[in-house]
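Colleague: Please find one structure pasted underneath; my questions will follow.
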Amino acid sequence: MDNLISSDIEAPVMEVVRIRKSSRAFADKPVPETVIRSLFEAARWAPSSRNEQPWKYIYATSDQTELWQRIFNSLMDGNKTWVQHAPLLIVSMMRKNFSRDAAPNPTAAYDLGAANAFLTLQATSMGLNVRQMAGFYPHKLKEALRVPADYEVVSVMAVGYAALPDKLPPELQQRENAPRTRFRQPAFVMNQIFDE
């Protein structure tokens with residue numbers, strides 16, 4: 001399997017794809033409201049099944065102390081060690097049913113993922129770092145934010161300008177300084193049916 005992992009870009013891609021990295025180190029610099037609006041504008045234009053746009057976001061900047069703290073308190077301890085420096089937290093969630101007929105929406109998570117990807121690439125193009133997390137307590141977060149029952153919280157994003165990892169604990173510094181790796185295309189792309 002090792003021969004299917006690489007840190008090289010193996011085919012031409014957009015610059016934002018090439019430079020995107022999920023760092024845990026954030027600079028002590030706020031994200032302007034105009035920039036935040038651009039992130040959500042990018043998410044707004046993501047594709048979705050039946051144009052449902054089932055995503056919903058709640059965000060807090062670090063100067064919105066109470067709301068930021070409600071999100072922060074729902075995180076698992078391992079994430080709190082570095083998230084404490086993030087100037088912007090974004091909670092992404094999906095509406096589980098179609099709005100037009102209340103039928104279950106089986107593609108809601110897929111659509112939210114597309115919106116989050118658009119948001120992340122927009123952030124990268126504006127010099128921001130985004131690190132998405134599943135390390136939070138969903139019930140605690142839903143209760144803290146009074147999320148309606150028809151929504152499911154999917155991820156929390158820490159957003160800000162990247163910094164050197166020297167303020168992180170040593171084990172996280174080591175992970176931050178390691179090269180980005182990905183599976184090579186043969187590990188996940190086929191132009192044939194699965195073998196039986």
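By convention here, the chains of the structure tokens are called A, B, ... in the order presented, each chain's residues are numbered starting at 1, and ligands are numbered starting at 1 in the order presented.
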May I have the residues within 6 Å of Asn129 of chain A as a PyMOL selection string, using only C-alpha atoms and disregarding those fewer than 4 positions away in the same chain?
Modeller: chain A and resi 159-162
Colleague: Would you write out those residues with N, CA and C atoms, as a PDB file, in the first residue's frame?
Modeller:
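Contents of selection02.pdb, freshly written:
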ATOM      1  N   VAL A 159     -11.123  28.376  11.316  1.00  0.00           N
ATOM      2  CA  VAL A 159     -10.696  29.174  10.173  1.00  0.00           C
ATOM      3  C   VAL A 159      -9.853  30.352  10.657  1.00  0.00           C
ATOM      4  N   GLY A 160      -8.809  30.655   9.914  1.00  0.00           N
ATOM      5  CA  GLY A 160      -7.973  31.808  10.234  1.00  0.00           C
ATOM      6  C   GLY A 160      -6.750  31.833   9.341  1.00  0.00           C
ATOM      7  N   TYR A 161      -5.875  32.753   9.614  1.00  0.00           N
ATOM      8  CA  TYR A 161      -4.634  32.857   8.860  1.00  0.00           C
ATOM      9  C   TYR A 161      -3.619  31.909   9.482  1.00  0.00           C
ATOM     10  N   ALA A 162      -2.916  31.177   8.646  1.00  0.00           N
ATOM     11  CA  ALA A 162      -1.970  30.172   9.140  1.00  0.00           C
ATOM     12  C   ALA A 162      -0.783  30.835   9.826  1.00  0.00           C
TER      13      ALA A 162
END
Colleague: Hey, what's within 9 Å of Val156 of chain A if we count only C-alpha atoms and toss same-chain stuff fewer than 6 positions away? As a PyMOL selection string, please?
Modeller: chain A and resi 71+75+89-93+131-136
Colleague: Kindly export the residues of the current selection with N, CA and C atoms, as a tab-separated table (two decimals), in the first residue's frame.
Modeller:
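Contents of result_9.tsv, freshly written:
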chain	number	residue	atom	x	y	z
A	71	ILE	N	-19.50	26.92	20.92
A	71	ILE	CA	-18.97	25.98	19.92
A	71	ILE	C	-17.72	25.30	20.46
A	75	LEU	N	-16.25	20.79	21.64
A	75	LEU	CA	-15.17	20.05	20.99
A	75	LEU	C	-14.56	19.03	21.93
A	89	LEU	N	-14.85	30.20	14.12
A	89	LEU	CA	-15.37	28.83	14.15
A	89	LEU	C	-16.67	28.80	13.35
A	90	ILE	N	-16.80	27.77	12.52
A	90	ILE	CA	-18.00	27.60	11.70
A	90	ILE	C	-18.55	26.20	11.95
A	91	VAL	N	-19.82	26.13	12.27
A	91	VAL	CA	-20.52	24.86	12.41
A	91	VAL	C	-21.30	24.63	11.12
A	92	SER	N	-21.09	23.48	10.50
A	92	SER	CA	-21.85	23.17	9.28
A	92	SER	C	-22.84	22.06	9.58
A	93	MET	N	-24.04	22.25	9.09
A	93	MET	CA	-25.10	21.27	9.33
A	93	MET	C	-25.97	21.14	8.10
A	131	ARG	N	-9.46	24.16	8.89
A	131	ARG	CA	-9.32	22.78	9.37
A	131	ARG	C	-10.69	22.30	9.84
A	132	GLN	N	-11.19	21.26	9.17
A	132	GLN	CA	-12.50	20.71	9.49
A	132	GLN	C	-12.35	19.61	10.53
A	133	MET	N	-13.33	19.51	11.40
A	133	MET	CA	-13.26	18.54	12.50
A	133	MET	C	-14.55	17.74	12.62
A	134	ALA	N	-14.37	16.47	12.94
A	134	ALA	CA	-15.49	15.64	13.38
A	134	ALA	C	-15.37	15.39	14.88
A	135	GLY	N	-14.28	15.87	15.49
A	135	GLY	CA	-14.03	15.66	16.91
A	135	GLY	C	-14.79	16.62	17.79
A	136	PHE	N	-16.10	16.43	17.86
A	136	PHE	CA	-16.95	17.25	18.72
A	136	PHE	C	-18.09	16.35	19.19
Colleague: Excluding segment 64-66 of chain A and its own-chain neighbours fewer than 5 positions away, which residues fall within 12 Å of it when counting only C-alpha atoms? Please give them as a VMD selection string.
Modeller: chain A and resid 30 59 71 to 73 84 87 to 89 144 to 145
Colleague: So which one's closest to Asn3 of chain A, A:Ile193, A:Lys96, A:Pro186, A:Gln53? Using only C-alpha atoms, please.
Modeller: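 That would be A:Pro186, the residue with the smallest distance to Asn3 of chain A.
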Colleague: Quick one: residues within 12 Å of Val17 of chain A, only C-alpha atoms, excluding same-chain residues fewer than 2 positions away - as a tab-separated table (two decimals) with N, CA and C atoms, in the first residue's frame?
Modeller:
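Writing done, so here's part31.tsv:
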chain	number	residue	atom	x	y	z
A	9	ILE	N	2.10	16.24	-6.44
A	9	ILE	CA	0.97	16.53	-7.31
A	9	ILE	C	1.27	15.82	-8.63
A	11	ALA	N	-0.81	15.47	-11.45
A	11	ALA	CA	-1.46	15.98	-12.66
A	11	ALA	C	-1.80	17.44	-12.40
A	12	PRO	N	-1.94	18.25	-13.45
A	12	PRO	CA	-2.23	19.66	-13.24
A	12	PRO	C	-3.55	19.87	-12.48
A	13	VAL	N	-3.51	20.76	-11.49
A	13	VAL	CA	-4.70	21.12	-10.71
A	13	VAL	C	-4.68	22.63	-10.48
A	14	MET	N	-5.82	23.15	-10.05
A	14	MET	CA	-5.90	24.57	-9.72
A	14	MET	C	-4.96	24.88	-8.56
A	15	GLU	N	-4.45	26.10	-8.53
A	15	GLU	CA	-3.51	26.51	-7.49
A	15	GLU	C	-4.10	26.34	-6.09
A	19	ILE	N	-2.26	24.21	-3.02
A	19	ILE	CA	-1.70	24.81	-1.79
A	19	ILE	C	-2.56	24.60	-0.55
A	20	ARG	N	-3.80	24.10	-0.71
A	20	ARG	CA	-4.67	23.93	0.45
A	20	ARG	C	-4.05	22.96	1.45
A	21	LYS	N	-4.08	23.34	2.71
A	21	LYS	CA	-3.58	22.49	3.78
A	21	LYS	C	-4.42	22.74	5.02
A	22	SER	N	-4.67	21.69	5.77
A	22	SER	CA	-5.47	21.81	7.00
A	22	SER	C	-4.53	21.95	8.19
A	117	ALA	N	-16.59	22.24	0.65
A	117	ALA	CA	-15.42	22.26	-0.23
A	117	ALA	C	-15.30	23.61	-0.94
A	118	PHE	N	-16.42	24.13	-1.43
A	118	PHE	CA	-16.40	25.45	-2.07
A	118	PHE	C	-15.92	26.50	-1.07
A	120	THR	N	-14.07	26.08	1.56
A	120	THR	CA	-12.65	25.86	1.86
A	120	THR	C	-11.75	26.38	0.75
A	121	LEU	N	-12.12	26.12	-0.49
A	121	LEU	CA	-11.29	26.60	-1.60
A	121	LEU	C	-11.33	28.12	-1.70
A	122	GLN	N	-12.49	28.71	-1.42
A	122	GLN	CA	-12.56	30.18	-1.40
A	122	GLN	C	-11.66	30.73	-0.30
A	123	ALA	N	-11.70	30.10	0.85
A	123	ALA	CA	-10.84	30.53	1.96
A	123	ALA	C	-9.38	30.44	1.57
A	124	THR	N	-8.99	29.34	0.96
A	124	THR	CA	-7.60	29.15	0.53
A	124	THR	C	-7.19	30.25	-0.45
A	125	SER	N	-8.09	30.58	-1.37
A	125	SER	CA	-7.77	31.61	-2.38
A	125	SER	C	-7.59	32.98	-1.74
Colleague: So that I can check the secondary structure, give me every residue of segment 39-190 of chain A assigned helix (DSSP H, G or I) by backbone DSSP, as a PyMOL selection string.
Modeller: chain A and resi 39-44+49-51+65-73+77-83+108-125+138-145+165-167+170-177+185-187
